[in-house]
$ cat query_5.cif   # mmCIF, C-alpha atoms
data_run
#
loop_
_atom_site.label_atom_id
_atom_site.label_comp_id
_atom_site.auth_asym_id
_atom_site.auth_seq_id
_atom_site.Cartn_x
_atom_site.Cartn_y
_atom_site.Cartn_z
CA MET S 1 125.14 100.29 -19.01
CA SER S 2 125.17 103.92 -17.83
CA PHE S 3 122.21 105.97 -16.69
CA LYS S 4 122.62 108.21 -19.77
CA SER S 5 122.10 105.24 -22.09
CA LEU S 6 118.64 104.52 -20.67
CA ASN S 7 115.76 105.77 -22.78
CA ALA S 8 113.14 108.08 -21.37
CA LYS S 9 110.52 105.33 -21.10
CA THR S 10 112.76 103.14 -18.92
CA ILE S 11 113.69 106.07 -16.70
CA LEU S 12 110.05 106.95 -16.15
CA LEU S 13 109.29 103.33 -15.25
CA ILE S 14 112.08 103.23 -12.66
CA VAL S 15 110.98 106.54 -11.16
CA ALA S 16 107.38 105.28 -10.97
CA VAL S 17 108.44 102.09 -9.19
CA ILE S 18 110.49 104.10 -6.68
CA LEU S 19 107.59 106.49 -6.06
CA VAL S 20 105.14 103.63 -5.54
CA PHE S 21 107.53 102.03 -3.07
CA LEU S 22 108.03 105.25 -1.14
CA ILE S 23 104.33 106.09 -1.08
CA GLY S 24 103.43 102.53 -0.01
CA SER S 25 106.01 102.62 2.77
CA ALA S 26 104.70 105.96 4.00
CA VAL S 27 101.10 104.69 4.04
CA VAL S 28 102.07 101.56 5.99
CA LEU S 29 104.09 103.56 8.51
CA SER S 30 101.24 106.05 8.86
CA LEU S 31 98.66 103.33 9.48
CA PHE S 32 100.89 101.62 12.01
CA THR S 33 101.48 104.90 13.85
CA ILE S 34 97.83 105.92 13.85
CA SER S 35 95.96 102.67 14.37
CA ALA S 36 98.44 100.25 15.87
CA PRO S 37 96.87 98.86 19.02
CA SER S 38 98.23 100.29 22.21
CA SER S 39 99.15 98.02 25.09
CA SER S 40 95.70 98.68 26.56
CA TYR S 41 94.11 97.03 23.53
CA PHE S 42 95.57 93.73 24.63
CA THR S 43 94.65 94.22 28.29
CA LYS S 44 92.15 91.67 29.53
CA LYS S 45 88.84 92.75 31.03
CA VAL S 46 87.14 91.94 34.32
CA ALA S 47 83.83 90.17 33.66
CA VAL S 48 81.31 91.00 36.42
CA ILE S 49 78.49 88.49 36.86
CA PRO S 50 75.86 89.48 39.47
CA ILE S 51 74.37 86.87 41.80
CA LYS S 52 71.53 88.65 43.55
CA GLY S 53 68.58 87.55 45.65
CA GLU S 54 67.54 83.99 46.39
CA ILE S 55 69.30 81.38 44.27
CA VAL S 56 66.72 79.50 42.25
CA MET S 57 66.99 77.46 39.08
CA GLU S 58 65.09 79.89 36.83
CA ARG S 59 63.54 83.33 37.19
CA SER S 60 60.73 85.21 35.50
CA SER S 61 61.63 87.30 32.46
CA PHE S 62 60.60 90.34 34.49
CA SER S 63 62.95 89.63 37.37
CA PRO S 64 66.15 91.73 37.21
CA GLU S 65 68.14 88.86 38.73
CA PHE S 66 69.58 85.85 36.96
CA GLY S 67 68.46 82.34 37.81
CA ALA S 68 71.10 79.66 38.37
CA LEU S 69 70.87 78.31 34.81
CA ALA S 70 71.38 81.81 33.39
CA ILE S 71 74.36 82.37 35.70
CA VAL S 72 75.90 79.13 34.42
CA GLU S 73 75.45 80.40 30.84
CA LYS S 74 77.13 83.70 31.69
CA LEU S 75 80.03 81.88 33.35
CA GLU S 76 80.51 79.80 30.21
CA GLU S 77 80.30 82.93 28.05
CA ALA S 78 82.89 84.80 30.08
CA ASP S 79 85.19 81.79 30.22
CA ALA S 80 85.10 81.49 26.42
CA ASP S 81 85.61 85.22 25.78
CA PRO S 82 89.30 85.84 24.87
CA SER S 83 89.03 89.45 26.04
CA VAL S 84 88.16 88.39 29.62
CA GLY S 85 91.02 87.88 32.04
CA VAL S 86 89.18 87.23 35.29
CA ILE S 87 85.59 86.45 36.32
CA PHE S 88 84.21 88.51 39.20
CA LEU S 89 81.09 87.25 40.99
CA ASP S 90 79.21 90.16 42.55
CA ILE S 91 77.25 88.42 45.32
CA ASP S 92 74.36 89.71 47.41
CA SER S 93 72.26 86.68 48.32
CA PRO S 94 70.91 84.81 51.34
CA GLY S 95 71.34 81.45 49.59
CA GLY S 96 68.74 79.28 47.92
CA SER S 97 67.82 75.82 46.77
CA VAL S 98 70.42 73.07 47.02
CA VAL S 99 70.35 71.92 43.41
CA ALA S 100 70.29 75.43 41.91
CA THR S 101 73.24 76.46 44.07
CA LYS S 102 75.25 73.42 43.10
CA GLN S 103 74.80 74.12 39.37
CA ILE S 104 76.73 77.36 39.85
CA VAL S 105 79.33 75.73 42.08
CA TYR S 106 79.97 72.95 39.53
CA LYS S 107 80.52 75.47 36.74
CA ILE S 108 82.85 77.65 38.80
CA ARG S 109 85.05 74.65 39.52
CA GLU S 110 85.26 73.93 35.76
CA LEU S 111 86.38 77.42 34.76
CA ASN S 112 89.68 77.82 32.94
CA LYS S 113 90.03 81.44 34.03
CA PRO S 114 90.64 82.77 37.54
CA SER S 115 87.53 83.66 39.52
CA VAL S 116 87.01 86.07 42.41
CA ALA S 117 83.92 86.44 44.60
CA TYR S 118 82.87 89.71 46.20
CA ILE S 119 80.29 89.55 49.01
CA GLY S 120 78.40 92.83 49.33
CA GLU S 121 75.39 93.01 51.65
CA ALA S 122 75.19 89.24 52.12
CA GLY S 123 76.84 86.02 51.06
CA ALA S 124 75.10 83.53 53.30
CA SER S 125 74.42 79.81 53.15
CA GLY S 126 74.31 78.70 49.49
CA ALA S 127 75.64 82.09 48.39
CA TYR S 128 78.72 81.55 50.54
CA TYR S 129 78.96 78.05 49.06
CA VAL S 130 79.22 79.73 45.63
CA ALA S 131 81.78 82.26 46.89
CA ALA S 132 83.95 79.56 48.47
CA ALA S 133 84.14 77.76 45.11
CA THR S 134 86.09 80.67 43.58
CA ASP S 135 89.84 81.22 43.78
CA TYR S 136 89.66 84.26 46.07
CA VAL S 137 86.91 85.62 48.32
CA ILE S 138 86.58 89.30 49.16
CA ALA S 139 83.92 90.81 51.42
CA ASP S 140 82.95 94.17 52.81
CA SER S 141 83.67 94.48 56.53
CA GLY S 142 79.93 94.90 57.15
CA SER S 143 78.81 91.99 55.01
CA ILE S 144 76.71 89.13 56.37
CA VAL S 145 78.69 85.95 55.74
CA GLY S 146 78.33 82.30 56.70
CA SER S 147 75.02 80.81 57.84
CA ILE S 148 76.50 77.46 56.87
CA GLY S 149 73.63 75.06 57.37
CA VAL S 150 70.55 73.51 55.81
CA ILE S 151 66.92 74.37 56.41
CA SER S 152 63.60 72.84 55.38
CA ILE S 153 60.37 74.78 55.92
CA ILE S 154 57.18 72.71 55.83
CA PRO S 155 53.96 74.70 56.28
CA ASN S 156 51.09 73.03 58.11
CA ILE S 157 47.58 74.48 57.80
CA GLU S 158 45.80 71.52 59.37
CA LYS S 159 44.55 73.40 62.46
CA LEU S 160 43.60 76.44 60.40
CA LEU S 161 41.37 74.29 58.20
CA GLU S 162 39.86 72.66 61.27
CA ASN S 163 38.92 76.10 62.64
CA TRP S 164 37.22 76.86 59.33
CA GLY S 165 35.44 73.52 59.32
CA VAL S 166 37.29 72.36 56.19
CA GLU S 167 38.31 68.74 55.80
CA VAL S 168 40.90 67.58 53.25
CA GLU S 169 41.38 63.95 52.31
CA VAL S 170 44.93 63.05 51.18
CA LEU S 171 44.97 59.74 49.32
CA THR S 172 48.33 58.08 48.74
CA GLU S 173 49.89 54.77 47.76
CA GLY S 174 53.15 54.26 49.60
CA LYS S 175 53.77 54.83 53.29
CA PHE S 176 55.71 58.08 52.88
CA LYS S 177 54.15 59.40 49.68
CA GLY S 178 52.30 62.18 51.47
CA SER S 179 55.27 63.30 53.55
CA GLY S 180 55.48 67.08 53.67
CA SER S 181 51.83 67.68 52.85
CA ILE S 182 50.57 71.01 54.14
CA PHE S 183 47.38 69.32 55.29
CA GLU S 184 48.80 67.16 58.08
CA SER S 185 51.66 67.13 60.55
CA LEU S 186 54.80 65.10 60.00
CA SER S 187 55.10 61.85 61.89
CA GLU S 188 58.34 61.09 63.73
CA GLU S 189 59.33 58.70 60.94
CA GLU S 190 58.70 61.37 58.33
CA LYS S 191 60.76 63.90 60.30
CA ALA S 192 63.60 61.38 60.44
CA LEU S 193 63.48 61.00 56.64
CA PHE S 194 63.81 64.75 56.10
CA LEU S 195 66.52 65.09 58.72
CA ASN S 196 68.56 62.30 57.12
CA ILE S 197 68.45 64.06 53.76
CA MET S 198 69.33 67.39 55.36
CA GLU S 199 72.27 65.85 57.21
CA GLU S 200 73.58 64.39 53.96
CA VAL S 201 73.36 67.79 52.24
CA PHE S 202 74.96 69.50 55.24
CA VAL S 203 77.94 67.13 55.35
CA GLU S 204 78.57 67.58 51.61
CA PHE S 205 78.22 71.36 51.98
CA LYS S 206 80.89 71.50 54.68
CA GLU S 207 83.26 69.03 53.01
CA ASP S 208 83.14 70.99 49.76
CA ILE S 209 83.96 74.25 51.51
CA LEU S 210 86.90 72.61 53.28
CA GLU S 211 88.12 71.30 49.94
CA PHE S 212 87.65 74.61 48.12
CA ARG S 213 89.53 76.51 50.83
CA GLN S 214 92.13 73.87 51.49
CA GLY S 215 95.18 75.34 53.17
CA LYS S 216 93.16 78.28 54.50
CA LEU S 217 90.56 76.67 56.77
CA GLN S 218 91.29 74.41 59.70
CA ARG S 219 88.64 71.72 60.17
CA GLU S 220 88.34 72.12 63.95
CA LYS S 221 87.81 75.87 63.85
CA PHE S 222 85.55 75.58 60.84
CA GLU S 223 83.29 73.06 62.58
CA GLU S 224 82.87 75.52 65.45
CA ILE S 225 81.32 78.17 63.20
CA ALA S 226 79.58 75.88 60.68
CA ASP S 227 76.45 75.72 62.82
CA GLY S 228 74.18 78.07 60.89
CA ARG S 229 75.45 81.24 62.58
CA ILE S 230 75.99 84.45 60.61
CA LEU S 231 79.22 86.43 60.81
CA SER S 232 80.21 89.95 59.86
CA GLY S 233 82.77 90.39 57.12
CA LYS S 234 85.40 91.14 59.76
CA GLN S 235 84.52 88.00 61.73
CA ALA S 236 84.53 85.96 58.51
CA LEU S 237 88.05 87.18 57.76
CA GLU S 238 89.21 86.13 61.22
CA ALA S 239 87.58 82.73 60.68
CA LYS S 240 89.30 82.41 57.25
CA LEU S 241 85.99 82.20 55.40
CA VAL S 242 87.11 85.16 53.28
CA ASP S 243 90.56 86.25 52.11
CA GLU S 244 90.33 90.03 52.30
CA LEU S 245 88.07 92.95 53.19
CA LEU S 246 87.66 95.63 50.53
CA PRO S 247 85.02 97.95 49.07
CA ARG S 248 83.57 96.79 45.77
CA GLU S 249 85.62 99.02 43.44
CA GLN S 250 88.86 98.04 45.14
CA ALA S 251 87.78 94.40 45.03
CA ILE S 252 87.46 94.63 41.24
CA GLU S 253 90.94 96.16 41.04
CA LYS S 254 92.29 93.39 43.28
CA ALA S 255 90.71 90.77 41.02
CA ALA S 256 92.41 92.37 38.04
CA ARG S 257 95.81 92.34 39.75
CA LEU S 258 95.39 88.70 40.75
CA ALA S 259 94.86 87.95 37.05
CA GLY S 260 97.94 89.93 36.05
CA ILE S 261 95.98 92.89 34.63
CA GLU S 262 97.93 96.13 35.08
CA GLY S 263 96.51 99.60 35.56
CA LYS S 264 92.84 100.48 35.99
CA PRO S 265 90.94 97.48 34.64
CA SER S 266 88.28 97.58 31.97
CA VAL S 267 85.03 96.11 33.29
CA THR S 268 82.20 94.40 31.43
CA THR S 269 79.05 93.61 33.42
CA TYR S 270 76.54 90.98 32.35
CA TYR S 271 73.03 92.41 32.59
CA LYS S 272 69.73 90.69 32.00
CA GLU S 273 67.95 91.61 28.78
CA GLU S 274 64.81 93.74 29.00
CA PRO S 275 61.60 91.69 28.57
CA SER S 276 59.61 92.06 25.37
CA ILE S 277 55.85 92.55 25.02
CA PHE S 278 55.65 88.84 24.12
CA ASP S 279 57.23 88.00 27.47
CA LEU S 280 54.51 90.02 29.21
CA PHE S 281 51.73 87.82 27.86
CA PHE S 282 53.66 84.57 28.02
CA VAL S 283 54.82 84.98 31.61
CA GLY S 284 51.42 86.23 32.74
CA GLY S 285 49.67 83.20 31.26
CA LYS S 286 52.28 80.82 32.63
CA ALA S 287 51.98 82.31 36.14
CA PHE S 288 48.20 81.95 36.07
CA ALA S 289 48.41 78.32 34.93
CA GLU S 290 51.02 77.41 37.53
CA GLY S 291 49.05 79.15 40.28
CA PHE S 292 45.90 77.27 39.35
CA LYS S 293 47.79 73.99 39.22
CA GLU S 294 49.31 74.55 42.67
CA SER S 295 45.94 75.52 44.15
CA ILE S 296 44.41 72.15 43.29
CA SER S 297 47.49 70.05 43.92
CA ASP S 298 47.68 67.84 46.99
CA ALA S 299 51.47 67.62 46.78
CA GLY S 300 53.49 68.73 49.77
CA SER S 301 55.35 72.03 49.70
CA ALA S 302 58.41 70.89 51.59
CA SER S 303 61.77 72.08 50.26
CA ILE S 304 65.36 71.92 51.41
CA LYS S 305 67.56 74.97 51.09
CA THR S 306 71.12 75.96 51.84
#
$ encode --input "query_5.cif" --output "structure tokens"
Amino acid sequence: MSFKSLNAKTILLIVAVILVFLIGSAVVLSLFTISAPSSSYFTKKVAVIPIKGEIVMERSSFSPEFGALAIVEKLEEADADPSVGVIFLDIDSPGGSVVATKQIVYKIRELNKPSVAYIGEAGASGAYYVAAATDYVIADSGSIVGSIGVISIIPNIEKLLENWGVEVEVLTEGKFKGSGSIFESLSEEEKALFLNIMEEVFVEFKEDILEFRQGKLQREKFEEIADGRILSGKQALEAKLVDELLPREQAIEKAARLAGIEGKPSVTTYYKEEPSIFDLFFVGGKAFAEGFKESISDAGSASIKT
């Protein structure tokens, strides 16, 4: 059948089909050219999670810092985010409570993504514990690092009350139930109890750091500096407590390169949400209630911190 034998209706139909095909192809090519993701679209981000101030389990809504439980949530969030390539812990902390610190350490060790710690002003005691749990530790040359040890501070106002003529009766059932009370001094047996617990925490603290930095730290040299002393960033590098000395911006770029991210990395920082007016009343009432409760409590105020 020749082209001349086709009727006008058939010819128009063929022309229409060809035009639709051409127009459709042009639209697809145009969309691909204009909106096709560039290579940067697929580039992973650096997730920055700040660890600032004393490490405690929870913080007030009005505190700008995250508590340990919130930090754990942010670590989980970053680890689950497909756009995140590496988790960067921005540390400036003197340490904190043993249990709160360990919550963060546990989560870091469970991460599926690479993690890098940066120690700014300070990464001491429990904060260094957190840093050591990551894959790579960077510090500023002037950072305060180390202070690997355990401390327990037990106030004693017994003599002060005596000077004021105030007597406090502490009633307990159980020989050591009142241990750590602010109203009387520790006996030698009570001191031994606290020291035993502190030694147990200290040994675990050191063993974990040696495990986390296996192949980098030598036990003998580590034991020499794991006596509570602080070190500068430069000294910490010489002691193998950190892997490199860099300013913060360069540390972020190094973290990106370690994760295989090319070029200048995109950074997303996890900030704490601003408190609402409801938080103002709730936190204020809670603080008053807790303060009143503590003022009439005869419980001891002893605590153990890394």
$ closest_residue --input "query_5.cif" --among "S:Glu273, S:Glu76, S:Asp135, S:Glu204" --to "Leu258 (chain S)" --atoms "only C-alpha atoms"
S:Asp135
$ residues_around --input "query_5.cif" --residues "region 124-126 of chain S" --least-positions-apart "6" --cutoff "8 Å" --atoms "all atoms listed in the file" --output "MDAnalysis selection string"
chainID S and resid 55 93:98 101 144:150 228 230 305:306
$ resolve_selection --input "query_5.cif" --expression "the PyMOL selection byres ((chain S and resi 83) around 12)" --output "VMD selection string"
chain S and resid 40 to 47 77 to 82 84 to 87 113 261 265 to 268
$ atom_distance --input "query_5.cif" --atom1 "CA of Gln250 (chain S)" --atom2 "CA of Glu262 (chain S)"
13.7 Å
$ atom_distance --input "query_5.cif" --atom1 "CA of Ile154 (chain S)" --atom2 "CA of Val203 (chain S)"
21.5 Å
$ atom_distance --input "query_5.cif" --atom1 "CA of Ile153 (chain S)" --atom2 "CA of Ile108 (chain S)"
28.4 Å
$ decode --input "query_5.cif" --residues "region 161-174 of chain S" --atoms "N, CA and C atoms" --output "PDB file, in the first residue's frame"
ATOM      1  N   LEU S 161      26.272  22.727 111.090  1.00  0.00           N
ATOM      2  CA  LEU S 161      25.032  22.653 111.869  1.00  0.00           C
ATOM      3  C   LEU S 161      25.316  22.748 113.364  1.00  0.00           C
ATOM      4  N   GLU S 162      26.431  22.139 113.778  1.00  0.00           N
ATOM      5  CA  GLU S 162      26.806  22.214 115.195  1.00  0.00           C
ATOM      6  C   GLU S 162      27.050  23.671 115.603  1.00  0.00           C
ATOM      7  N   ASN S 163      27.736  24.428 114.735  1.00  0.00           N
ATOM      8  CA  ASN S 163      28.006  25.840 115.038  1.00  0.00           C
ATOM      9  C   ASN S 163      26.711  26.646 115.140  1.00  0.00           C
ATOM     10  N   TRP S 164      25.703  26.214 114.405  1.00  0.00           N
ATOM     11  CA  TRP S 164      24.408  26.908 114.438  1.00  0.00           C
ATOM     12  C   TRP S 164      23.501  26.354 115.527  1.00  0.00           C
ATOM     13  N   GLY S 165      23.955  25.335 116.215  1.00  0.00           N
ATOM     14  CA  GLY S 165      23.142  24.735 117.262  1.00  0.00           C
ATOM     15  C   GLY S 165      22.000  23.891 116.719  1.00  0.00           C
ATOM     16  N   VAL S 166      22.176  23.357 115.516  1.00  0.00           N
ATOM     17  CA  VAL S 166      21.122  22.544 114.887  1.00  0.00           C
ATOM     18  C   VAL S 166      21.509  21.070 114.974  1.00  0.00           C
ATOM     19  N   GLU S 167      20.574  20.250 115.455  1.00  0.00           N
ATOM     20  CA  GLU S 167      20.798  18.820 115.516  1.00  0.00           C
ATOM     21  C   GLU S 167      19.874  18.112 114.530  1.00  0.00           C
ATOM     22  N   VAL S 168      20.418  17.133 113.820  1.00  0.00           N
ATOM     23  CA  VAL S 168      19.636  16.364 112.845  1.00  0.00           C
ATOM     24  C   VAL S 168      19.736  14.896 113.214  1.00  0.00           C
ATOM     25  N   GLU S 169      18.599  14.251 113.355  1.00  0.00           N
ATOM     26  CA  GLU S 169      18.566  12.820 113.634  1.00  0.00           C
ATOM     27  C   GLU S 169      18.354  12.069 112.323  1.00  0.00           C
ATOM     28  N   VAL S 170      19.247  11.128 112.000  1.00  0.00           N
ATOM     29  CA  VAL S 170      19.130  10.315 110.792  1.00  0.00           C
ATOM     30  C   VAL S 170      18.784   8.896 111.225  1.00  0.00           C
ATOM     31  N   LEU S 171      17.557   8.481 110.961  1.00  0.00           N
ATOM     32  CA  LEU S 171      17.097   7.157 111.347  1.00  0.00           C
ATOM     33  C   LEU S 171      17.173   6.208 110.157  1.00  0.00           C
ATOM     34  N   THR S 172      17.795   5.070 110.340  1.00  0.00           N
ATOM     35  CA  THR S 172      17.945   4.117 109.236  1.00  0.00           C
ATOM     36  C   THR S 172      17.739   2.694 109.731  1.00  0.00           C
ATOM     37  N   GLU S 173      17.412   1.817 108.818  1.00  0.00           N
ATOM     38  CA  GLU S 173      17.400   0.375 109.046  1.00  0.00           C
ATOM     39  C   GLU S 173      18.376  -0.222 108.043  1.00  0.00           C
ATOM     40  N   GLY S 174      19.409  -0.836 108.521  1.00  0.00           N
ATOM     41  CA  GLY S 174      20.468  -1.326 107.650  1.00  0.00           C
ATOM     42  C   GLY S 174      21.740  -0.564 107.957  1.00  0.00           C
TER      43      GLY S 174
END
